[in-house]
file data-v9.cif (mmCIF, C-alpha atoms)
data_target
#
loop_
_atom_site.group_PDB
_atom_site.id
_atom_site.type_symbol
_atom_site.label_atom_id
_atom_site.label_comp_id
_atom_site.auth_asym_id
_atom_site.auth_seq_id
_atom_site.Cartn_x
_atom_site.Cartn_y
_atom_site.Cartn_z
ATOM 1 C CA MET A 16 178.035 71.196 163.539
ATOM 2 C CA ALA A 17 174.513 71.558 164.915
ATOM 3 C CA GLU A 18 174.313 72.321 168.603
ATOM 4 C CA LYS A 19 174.887 69.234 170.744
ATOM 5 C CA GLU A 20 172.317 67.940 173.164
ATOM 6 C CA ALA A 21 173.292 68.770 176.742
ATOM 7 C CA ASN A 22 173.191 65.115 177.696
ATOM 8 C CA PRO A 23 171.984 62.904 174.837
ATOM 9 C CA ASP A 24 172.370 59.725 176.898
ATOM 10 C CA SER A 25 169.532 60.831 179.167
ATOM 11 C CA ALA A 26 167.277 62.294 176.475
ATOM 12 C CA LYS A 27 163.722 60.997 176.402
ATOM 13 C CA PHE A 28 163.483 59.870 172.811
ATOM 14 C CA ARG A 29 160.074 59.531 171.181
ATOM 15 C CA VAL A 30 158.515 58.827 167.815
ATOM 16 C CA PRO A 31 158.532 62.162 165.936
ATOM 17 C CA THR A 32 155.171 63.685 165.024
ATOM 18 C CA LYS A 33 154.081 66.089 162.317
ATOM 19 C CA GLU A 34 153.441 69.568 163.691
ATOM 20 C CA ILE A 35 153.086 71.733 160.571
ATOM 21 C CA LYS A 36 149.435 71.171 159.686
ATOM 22 C CA SER A 37 148.583 74.338 157.773
ATOM 23 C CA PRO A 38 150.481 77.081 155.923
ATOM 24 C CA MET A 39 149.972 79.265 159.005
ATOM 25 C CA ASP A 40 152.235 76.879 160.958
ATOM 26 C CA ILE A 41 155.276 77.653 158.791
ATOM 27 C CA ARG A 42 156.257 80.487 161.138
ATOM 28 C CA LYS A 43 156.210 77.998 164.019
ATOM 29 C CA TRP A 44 158.780 75.953 162.098
ATOM 30 C CA GLN A 45 160.897 78.966 161.158
ATOM 31 C CA THR A 46 161.211 80.007 164.813
ATOM 32 C CA SER A 47 161.836 76.485 166.112
ATOM 33 C CA GLN A 48 165.037 75.021 167.532
ATOM 34 C CA ALA A 49 164.923 72.412 164.746
ATOM 35 C CA TYR A 50 165.055 75.136 162.074
ATOM 36 C CA ALA A 51 168.007 76.825 163.779
ATOM 37 C CA ASP A 52 169.884 73.530 164.211
ATOM 38 C CA TYR A 53 169.242 72.496 160.605
ATOM 39 C CA LEU A 54 170.594 75.792 159.224
ATOM 40 C CA VAL A 55 173.682 75.573 161.444
ATOM 41 C CA PHE A 56 174.240 72.046 160.131
ATOM 42 C CA LEU A 57 173.940 73.121 156.468
ATOM 43 C CA SER A 58 176.173 76.157 156.940
ATOM 44 C CA THR A 59 178.822 74.248 158.882
ATOM 45 C CA LEU A 60 179.143 71.663 156.117
ATOM 46 C CA ASN A 61 179.149 74.440 153.523
ATOM 47 C CA GLU A 62 182.109 76.120 155.221
ATOM 48 C CA ALA A 63 183.921 72.787 155.523
ATOM 49 C CA VAL A 64 183.903 72.066 151.779
ATOM 50 C CA LYS A 65 184.812 75.487 150.395
ATOM 51 C CA GLY A 66 187.566 75.086 147.819
ATOM 52 C CA THR A 67 187.664 71.276 148.055
ATOM 53 C CA THR A 68 187.295 68.501 145.478
ATOM 54 C CA LEU A 69 185.408 65.225 145.796
ATOM 55 C CA MET A 70 188.760 63.447 145.796
ATOM 56 C CA GLU A 71 189.983 65.371 148.835
ATOM 57 C CA GLU A 72 191.524 63.374 151.670
ATOM 58 C CA CYS A 73 189.234 63.876 154.653
ATOM 59 C CA SER A 74 188.692 62.533 158.132
ATOM 60 C CA GLN A 75 186.042 59.799 158.456
ATOM 61 C CA SER A 76 184.861 58.446 161.791
ATOM 62 C CA ALA A 77 183.846 54.827 162.276
ATOM 63 C CA THR A 78 180.188 55.904 162.230
ATOM 64 C CA CYS A 79 180.716 57.819 158.997
ATOM 65 C CA GLU A 80 182.079 54.619 157.452
ATOM 66 C CA LYS A 81 178.982 52.765 158.704
ATOM 67 C CA VAL A 82 176.664 55.315 157.077
ATOM 68 C CA LEU A 83 178.487 54.736 153.785
ATOM 69 C CA LEU A 84 178.011 50.979 154.177
ATOM 70 C CA LEU A 85 174.320 51.547 154.880
ATOM 71 C CA LEU A 86 173.972 53.445 151.597
ATOM 72 C CA ASP A 87 175.900 50.711 149.791
ATOM 73 C CA ASP A 88 173.446 48.111 151.116
ATOM 74 C CA LEU A 89 170.483 50.137 149.859
ATOM 75 C CA LYS A 90 172.135 50.480 146.449
ATOM 76 C CA LYS A 91 172.630 46.699 146.238
ATOM 77 C CA TRP A 92 168.926 46.211 146.858
ATOM 78 C CA VAL A 93 168.175 48.152 143.656
ATOM 79 C CA ASP A 94 170.161 45.552 141.702
ATOM 80 C CA GLU A 95 168.338 42.771 143.537
ATOM 81 C CA ILE A 96 164.906 44.287 142.789
ATOM 82 C CA PRO A 97 164.786 45.016 139.038
ATOM 83 C CA PRO A 98 161.944 47.043 137.490
ATOM 84 C CA VAL A 99 158.864 45.094 136.465
ATOM 85 C CA ASP A 100 157.187 45.139 133.059
ATOM 86 C CA GLN A 101 154.242 47.502 133.225
ATOM 87 C CA PRO A 102 152.321 49.794 130.855
ATOM 88 C CA GLN A 103 152.832 53.193 132.517
ATOM 89 C CA ARG A 104 155.934 55.224 131.804
ATOM 90 C CA PHE A 105 156.545 56.635 135.289
ATOM 91 C CA GLY A 106 156.577 55.022 138.706
ATOM 92 C CA ASN A 107 157.710 51.443 138.324
ATOM 93 C CA MET A 108 155.949 49.281 140.929
ATOM 94 C CA ALA A 109 159.189 47.499 141.828
ATOM 95 C CA TYR A 110 160.137 50.658 143.721
ATOM 96 C CA ARG A 111 157.479 49.802 146.305
ATOM 97 C CA THR A 112 159.172 46.468 146.898
ATOM 98 C CA TRP A 113 162.477 48.284 147.434
ATOM 99 C CA HIS A 114 160.908 50.822 149.755
ATOM 100 C CA GLN A 115 159.083 48.161 151.748
ATOM 101 C CA LYS A 116 162.407 46.422 152.290
ATOM 102 C CA LEU A 117 163.792 49.741 153.563
ATOM 103 C CA GLN A 118 160.912 50.108 156.005
ATOM 104 C CA ASP A 119 161.254 46.516 157.202
ATOM 105 C CA ASN A 120 164.996 46.857 157.795
ATOM 106 C CA ALA A 121 165.270 50.500 158.876
ATOM 107 C CA GLU A 122 165.585 49.839 162.604
ATOM 108 C CA ALA A 123 168.315 47.241 162.112
ATOM 109 C CA LEU A 124 170.186 49.591 159.770
ATOM 110 C CA ILE A 125 170.045 52.461 162.278
ATOM 111 C CA VAL A 126 170.998 50.366 165.319
ATOM 112 C CA ARG A 127 174.342 49.637 163.647
ATOM 113 C CA LEU A 128 175.149 53.353 163.809
ATOM 114 C CA LEU A 129 174.398 53.923 167.484
ATOM 115 C CA PRO A 130 176.184 53.080 170.721
ATOM 116 C CA GLU A 131 174.201 51.025 173.236
ATOM 117 C CA SER A 132 173.400 54.139 175.301
ATOM 118 C CA LEU A 133 171.593 55.720 172.337
ATOM 119 C CA ARG A 134 169.708 52.720 170.940
ATOM 120 C CA GLU A 135 166.369 54.242 171.934
ATOM 121 C CA ALA A 136 167.047 57.083 169.513
ATOM 122 C CA THR A 137 166.262 54.617 166.700
ATOM 123 C CA GLN A 138 162.558 55.447 166.940
ATOM 124 C CA GLU A 139 163.309 59.122 166.298
ATOM 125 C CA LEU A 140 165.735 58.495 163.461
ATOM 126 C CA LYS A 141 163.643 55.935 161.577
ATOM 127 C CA PRO A 142 161.098 58.346 160.001
ATOM 128 C CA TYR A 143 163.882 60.513 158.590
ATOM 129 C CA LEU A 144 165.718 57.566 157.045
ATOM 130 C CA THR A 145 162.617 55.934 155.548
ATOM 131 C CA ASP A 146 161.557 59.251 153.981
ATOM 132 C CA SER A 147 165.002 59.965 152.504
ATOM 133 C CA PHE A 148 164.600 58.115 149.227
ATOM 134 C CA GLY A 149 161.152 58.945 147.912
ATOM 135 C CA ASN A 150 157.474 58.259 148.547
ATOM 136 C CA TYR A 151 156.178 54.676 148.632
ATOM 137 C CA THR A 152 152.710 55.531 147.312
ATOM 138 C CA ARG A 153 153.452 58.188 144.706
ATOM 139 C CA ILE A 154 156.799 56.720 143.612
ATOM 140 C CA ASP A 155 158.284 60.207 143.449
ATOM 141 C CA TYR A 156 161.331 61.962 144.876
ATOM 142 C CA GLY A 157 162.170 65.592 145.560
ATOM 143 C CA THR A 158 163.784 68.155 147.820
ATOM 144 C CA GLY A 159 161.641 67.124 150.791
ATOM 145 C CA HIS A 160 163.135 63.634 150.672
ATOM 146 C CA GLU A 161 166.604 65.104 150.254
ATOM 147 C CA MET A 162 165.900 67.234 153.337
ATOM 148 C CA ALA A 163 164.864 64.125 155.285
ATOM 149 C CA PHE A 164 168.289 62.582 154.654
ATOM 150 C CA ALA A 165 170.092 65.789 155.618
ATOM 151 C CA THR A 166 167.961 65.858 158.789
ATOM 152 C CA PHE A 167 168.923 62.240 159.500
ATOM 153 C CA LEU A 168 172.608 63.252 159.341
ATOM 154 C CA CYS A 169 171.917 66.374 161.394
ATOM 155 C CA CYS A 170 170.368 64.194 164.125
ATOM 156 C CA LEU A 171 173.438 61.943 164.204
ATOM 157 C CA CYS A 172 175.566 65.059 164.588
ATOM 158 C CA LYS A 173 173.393 66.442 167.376
ATOM 159 C CA LEU A 174 173.777 63.120 169.194
ATOM 160 C CA ASN A 175 177.533 63.459 168.604
ATOM 161 C CA VAL A 176 177.547 60.050 166.927
ATOM 162 C CA LEU A 177 179.013 61.836 163.909
ATOM 163 C CA PRO A 178 181.755 64.131 165.312
ATOM 164 C CA PRO A 179 182.597 67.623 163.989
ATOM 165 C CA SER A 180 185.672 66.137 162.286
ATOM 166 C CA ASP A 181 183.302 64.414 159.814
ATOM 167 C CA SER A 182 182.078 67.735 158.361
ATOM 168 C CA GLN A 183 183.940 67.431 155.047
ATOM 169 C CA ALA A 184 183.252 63.710 154.694
ATOM 170 C CA LEU A 185 179.508 64.183 155.147
ATOM 171 C CA VAL A 186 179.455 66.156 151.902
ATOM 172 C CA LEU A 187 182.373 64.744 149.907
ATOM 173 C CA ARG A 188 181.728 61.089 150.785
ATOM 174 C CA VAL A 189 178.306 60.510 152.373
ATOM 175 C CA PHE A 190 176.164 62.942 150.399
ATOM 176 C CA THR A 191 177.957 62.018 147.185
ATOM 177 C CA ARG A 192 177.136 58.348 147.863
ATOM 178 C CA TYR A 193 173.553 59.338 148.661
ATOM 179 C CA LEU A 194 173.292 61.154 145.315
ATOM 180 C CA GLU A 195 174.557 58.073 143.475
ATOM 181 C CA LEU A 196 171.845 56.008 145.155
ATOM 182 C CA THR A 197 168.977 58.439 144.563
ATOM 183 C CA ARG A 198 169.945 58.848 140.908
ATOM 184 C CA LYS A 199 170.002 55.079 140.538
ATOM 185 C CA LEU A 200 166.533 54.909 142.109
ATOM 186 C CA GLN A 201 165.248 57.682 139.833
ATOM 187 C CA THR A 202 166.514 56.092 136.635
ATOM 188 C CA THR A 203 165.839 52.445 137.535
ATOM 189 C CA TYR A 204 162.271 52.951 138.734
ATOM 190 C CA ASN A 205 161.391 55.991 136.588
ATOM 191 C CA MET A 206 160.486 58.039 139.653
ATOM 192 C CA GLU A 207 158.587 61.263 139.129
ATOM 193 C CA PRO A 208 159.873 64.574 140.490
ATOM 194 C CA ALA A 209 157.983 65.491 143.682
ATOM 195 C CA GLY A 210 156.573 69.002 143.461
ATOM 196 C CA SER A 211 158.697 69.949 140.483
ATOM 197 C CA GLN A 212 158.343 73.499 139.165
ATOM 198 C CA GLY A 213 159.584 72.435 135.752
ATOM 199 C CA VAL A 214 161.812 74.985 134.065
ATOM 200 C CA TRP A 215 161.061 77.441 136.901
ATOM 201 C CA GLY A 216 162.757 75.279 139.507
ATOM 202 C CA LEU A 217 166.461 74.848 140.166
ATOM 203 C CA ASP A 218 166.309 71.091 139.505
ATOM 204 C CA ASP A 219 163.657 68.374 139.303
ATOM 205 C CA PHE A 220 165.068 66.386 142.213
ATOM 206 C CA GLN A 221 167.887 68.021 144.218
ATOM 207 C CA PHE A 222 168.971 71.286 145.807
ATOM 208 C CA LEU A 223 171.687 70.762 148.434
ATOM 209 C CA PRO A 224 174.368 69.480 146.019
ATOM 210 C CA PHE A 225 174.106 72.805 144.176
ATOM 211 C CA TYR A 226 174.550 74.723 147.439
ATOM 212 C CA TRP A 227 177.459 72.672 148.758
ATOM 213 C CA GLY A 228 178.785 72.176 145.219
ATOM 214 C CA SER A 229 179.006 75.921 144.644
ATOM 215 C CA ALA A 230 181.064 76.166 147.870
ATOM 216 C CA GLN A 231 183.553 73.692 146.429
ATOM 217 C CA LEU A 232 184.040 75.958 143.419
ATOM 218 C CA ILE A 233 184.723 79.170 145.340
ATOM 219 C CA ASP A 234 188.025 80.667 144.104
ATOM 220 C CA HIS A 235 188.439 77.981 141.427
ATOM 221 C CA PRO A 236 191.270 79.108 139.141
ATOM 222 C CA THR A 237 189.472 78.432 135.854
ATOM 223 C CA LEU A 238 185.833 77.365 136.271
ATOM 224 C CA ILE A 239 183.433 80.269 136.750
ATOM 225 C CA PRO A 240 179.613 80.374 136.758
ATOM 226 C CA LYS A 241 179.340 81.354 133.087
ATOM 227 C CA HIS A 242 180.765 77.913 132.206
ATOM 228 C CA ILE A 243 177.739 76.088 133.712
ATOM 229 C CA PRO A 244 175.974 75.521 130.345
ATOM 230 C CA GLU A 245 179.175 74.392 128.624
ATOM 231 C CA THR A 246 180.135 70.756 128.029
ATOM 232 C CA ARG A 247 183.488 71.142 129.780
ATOM 233 C CA PHE A 248 181.696 72.043 133.036
ATOM 234 C CA GLY A 249 179.948 68.669 133.311
ATOM 235 C CA ALA A 250 183.214 66.969 132.426
ATOM 236 C CA GLU A 251 184.504 67.906 135.910
ATOM 237 C CA LYS A 252 181.797 65.758 137.572
ATOM 238 C CA ASP A 253 184.320 63.542 139.378
ATOM 239 C CA LYS A 254 185.809 66.559 141.154
ATOM 240 C CA TYR A 255 182.876 68.828 141.871
ATOM 241 C CA MET A 256 179.342 68.080 143.041
ATOM 242 C CA PHE A 257 177.836 71.005 141.116
ATOM 243 C CA CYS A 258 179.429 69.741 137.898
ATOM 244 C CA GLY A 259 177.988 66.288 138.573
ATOM 245 C CA CYS A 260 174.515 67.771 138.890
ATOM 246 C CA ILE A 261 174.832 69.555 135.551
ATOM 247 C CA ASP A 262 176.167 66.402 133.899
ATOM 248 C CA PHE A 263 173.199 64.398 135.229
ATOM 249 C CA ILE A 264 170.715 67.018 134.005
ATOM 250 C CA ASN A 265 172.297 66.999 130.545
ATOM 251 C CA SER A 266 172.133 63.204 130.429
ATOM 252 C CA MET A 267 168.406 63.251 131.246
ATOM 253 C CA LYS A 268 167.187 66.250 129.240
ATOM 254 C CA THR A 269 167.421 67.364 125.636
ATOM 255 C CA GLY A 270 167.186 70.731 123.952
ATOM 256 C CA PRO A 271 168.822 74.075 124.711
ATOM 257 C CA PHE A 272 170.105 74.380 128.301
ATOM 258 C CA ALA A 273 168.453 77.785 128.708
ATOM 259 C CA GLU A 274 165.067 76.202 128.007
ATOM 260 C CA HIS A 275 165.158 73.083 130.182
ATOM 261 C CA SER A 276 167.163 74.653 133.048
ATOM 262 C CA ASN A 277 166.220 78.317 133.033
ATOM 263 C CA ILE A 278 167.147 79.040 136.667
ATOM 264 C CA LEU A 279 170.604 77.509 136.283
ATOM 265 C CA TRP A 280 171.009 79.457 133.070
ATOM 266 C CA GLY A 281 170.294 82.607 135.049
ATOM 267 C CA ILE A 282 172.790 81.607 137.747
ATOM 268 C CA SER A 283 175.471 81.323 135.069
ATOM 269 C CA SER A 284 175.357 85.117 134.735
ATOM 270 C CA VAL A 285 176.415 85.637 138.366
ATOM 271 C CA PRO A 286 180.086 86.698 138.353
ATOM 272 C CA ARG A 287 181.462 84.800 141.370
ATOM 273 C CA TRP A 288 180.835 81.444 143.069
ATOM 274 C CA GLN A 289 180.748 83.128 146.482
ATOM 275 C CA LYS A 290 177.718 85.120 145.306
ATOM 276 C CA VAL A 291 176.134 81.974 143.843
ATOM 277 C CA ASN A 292 176.668 80.157 147.130
ATOM 278 C CA GLN A 293 175.044 82.918 149.179
ATOM 279 C CA GLY A 294 172.164 83.214 146.730
ATOM 280 C CA LEU A 295 171.468 79.479 146.770
ATOM 281 C CA LEU A 296 171.099 79.458 150.558
ATOM 282 C CA LYS A 297 168.567 82.287 150.324
ATOM 283 C CA MET A 298 166.766 80.400 147.558
ATOM 284 C CA TYR A 299 166.754 77.190 149.632
ATOM 285 C CA LYS A 300 165.165 79.012 152.560
ATOM 286 C CA ALA A 301 162.507 80.500 150.262
ATOM 287 C CA GLU A 302 161.818 77.606 147.908
ATOM 288 C CA VAL A 303 162.204 74.615 150.235
ATOM 289 C CA LEU A 304 162.241 75.584 153.913
ATOM 290 C CA SER A 305 159.321 78.022 153.573
ATOM 291 C CA LYS A 306 157.055 75.784 151.516
ATOM 292 C CA PHE A 307 154.156 74.087 153.303
ATOM 293 C CA PRO A 308 153.967 71.138 150.826
ATOM 294 C CA VAL A 309 157.539 70.245 151.864
ATOM 295 C CA ILE A 310 157.569 71.045 155.585
ATOM 296 C CA GLN A 311 154.185 69.459 156.348
ATOM 297 C CA HIS A 312 155.859 66.058 156.026
ATOM 298 C CA LEU A 313 158.731 66.830 158.444
ATOM 299 C CA PRO A 314 158.237 65.207 161.880
ATOM 300 C CA PHE A 315 159.588 66.608 165.142
ATOM 301 C CA GLY A 316 160.761 64.867 168.296
ATOM 302 C CA SER A 317 163.304 65.516 171.034
ATOM 303 C CA ILE A 318 166.324 65.693 168.706
ATOM 304 C CA MET A 319 164.757 67.999 166.122
ATOM 305 C CA SER A 320 162.495 70.058 168.368
ATOM 306 C CA ILE A 321 159.559 72.202 167.290
ATOM 307 C CA ALA A 322 159.983 74.201 170.512
ATOM 308 C CA ALA A 323 160.850 77.865 170.002
ATOM 309 C CA GLY A 324 164.566 78.286 169.473
ATOM 310 C CA LYS A 325 166.969 80.944 170.675
ATOM 311 C CA ASN A 326 168.179 83.629 168.270
ATOM 312 C CA VAL A 327 166.326 82.102 165.316
ATOM 313 C CA SER A 328 165.913 84.175 162.173
ATOM 314 C CA SER A 329 164.368 82.941 158.948
#
call {"tool": "encode", "arguments": {"input": "data-v9.cif", "output": "C-alpha cells"}}
result
Amino acid sequence: MAEKEANPDSAKFRVPTKEIKSPMDIRKWQTSQAYADYLVFLSTLNEAVKGTTLMEECSQSATCEKVLLLLDDLKKWVDEIPPVDQPQRFGNMAYRTWHQKLQDNAEALIVRLLPESLREATQELKPYLTDSFGNYTRIDYGTGHEMAFATFLCCLCKLNVLPPSDSQALVLRVFTRYLELTRKLQTTYNMEPAGSQGVWGLDDFQFLPFYWGSAQLIDHPTLIPKHIPETRFGAEKDKYMFCGCIDFINSMKTGPFAEHSNILWGISSVPRWQKVNQGLLKMYKAEVLSKFPVIQHLPFGSIMSIAAGKNVSS
C-alpha cells in the first residue's frame, strides 16, 4: 500500500491544515508526498481487486473489521435521525443533526481503530473522517468527500494499522459498505451533488467505485463495456461495484441513458475493461485531483504531507 512511515510511533502528529489556497497551489499538491502516497494507495487497491467479485473471500484484519463496524454505526444513526418535514426539495435539515453527531463522536470512533501508541494520530485523522460523508452547511456530497474517506483509509495504511493484506477487503468490503452508507445519506436527506457537471460528469456523486469496479471486470468472460447501458449490466450489482453504480444511477434518473449519463455512454464504446480502467485513472487525475474546488478542502499534516515528494509525477 502507500509508503509506510519510518517510525509512526514517534511521529509528531498535528491537526492538519489547508495548504492549497489558490489554483496556483495545485502544482504544490501534485508534487507533494501526499499526492504520491495517495496515488500509490489507489493503484495498489486497484491491482488487488482485478478480476474479483464483491463476494470474494478476502483477508480482513481486526482493524478492518472495526472500520466496518464504524460504518455500521453511522448507518444506524440515519435510521435514528429521520428526515424532517420541510418545504425545500433538496437538503433535508435532519442531515445536519446526523453530521453534528458525527463531529461530536469522531474522536471516540477513531480511537477504537488505533493502538495506544498511535492515539495522538486521532487529531490528524479526524478531519478526513468528518469530511467523508458530505458538507454540514451545504448538505451536499461529491468526489471531494469520497476522496476524504479514501485519504482516511490511506492514513491508516501509512500508519500500518491496516496491513497490506487488507488491500482487497478495503475495496470489496469497506468501500462497498461506505457506498451503501453514502447512498443512504443521499436518498434519505436529499443531498445535492457537490460540484456536479451534470451530463458532462462521470457521476453526480462518486468516482472511485467506477475505477476500482472496472478493475474487477477485467477479463470478464461475458460482460464487456458495451453492456453498460443495458439492463442486464445493473443486474450484476451484487458481484461488481461498477454494475452497482449503474444500477443506482438508473434507479435515480429517468430518460435515455445516453442523455443522463453521456460520459458513461461514451465509455461503453471502449473495447476492453483494461483500457477503461487506465482511462478512468487519467480522468480521476484530471477531473478530481487537479481541480482547485476539490483540493482546496484537503488538509495536510504529518501523515499526508504537503512536503515535496520523491519521484512524483502528475
call {"tool": "residues_around", "arguments": {"input": "data-v9.cif", "residues": "Arg192 (chain A)", "least_positions_apart": "3", "cutoff": "8 Å", "atoms": "all atoms listed in the file", "output": "list in words"}}
result
Leu83, Leu86, Asp87, Arg188, Val189, Glu195 and Leu196 of chain A
call {"tool": "closest_residue", "arguments": {"input": "data-v9.cif", "among": "A:Ala273, A:Ala250, A:Leu54, A:Val30", "to": "Lys300 (chain A)", "atoms": "all atoms listed in the file"}}
result
A:Leu54
call {"tool": "closest_residue", "arguments": {"input": "data-v9.cif", "among": "A:Trp227, A:Cys169, A:Cys258, A:Arg134", "to": "Val186 (chain A)", "atoms": "all atoms listed in the file"}}
result
A:Trp227
call {"tool": "residues_around", "arguments": {"input": "data-v9.cif", "residues": "Glu135 (chain A)", "least_positions_apart": "2", "cutoff": "9 Å", "atoms": "only C-alpha atoms", "output": "MDAnalysis selection string"}}
result
chainID A and resid 27:29 126 131:133 137:139
call {"tool": "atom_distance", "arguments": {"input": "data-v9.cif", "atom1": "CA of Ile233 (chain A)", "atom2": "CA of Pro179 (chain A)"}}
result
22.0 Å
call {"tool": "residues_around", "arguments": {"input": "data-v9.cif", "residues": "Val176 (chain A)", "least_positions_apart": "3", "cutoff": "10 Å", "atoms": "all atoms listed in the file", "output": "VMD selection string"}}
result
chain A and resid 76 to 79 128 to 130 133 168 170 to 173 179
call {"tool": "resolve_selection", "arguments": {"input": "data-v9.cif", "expression": "the PyMOL selection byres ((chain A and resi 46) around 12)", "output": "MDAnalysis selection string"}}
result
chainID A and resid 40:45 47:54 304:305 320:329
call {"tool": "closest_residue", "arguments": {"input": "data-v9.cif", "among": "A:Val93, A:Leu140, A:Leu85, A:Ala121", "to": "Gln201 (chain A)", "atoms": "all atoms listed in the file"}}
result
A:Val93
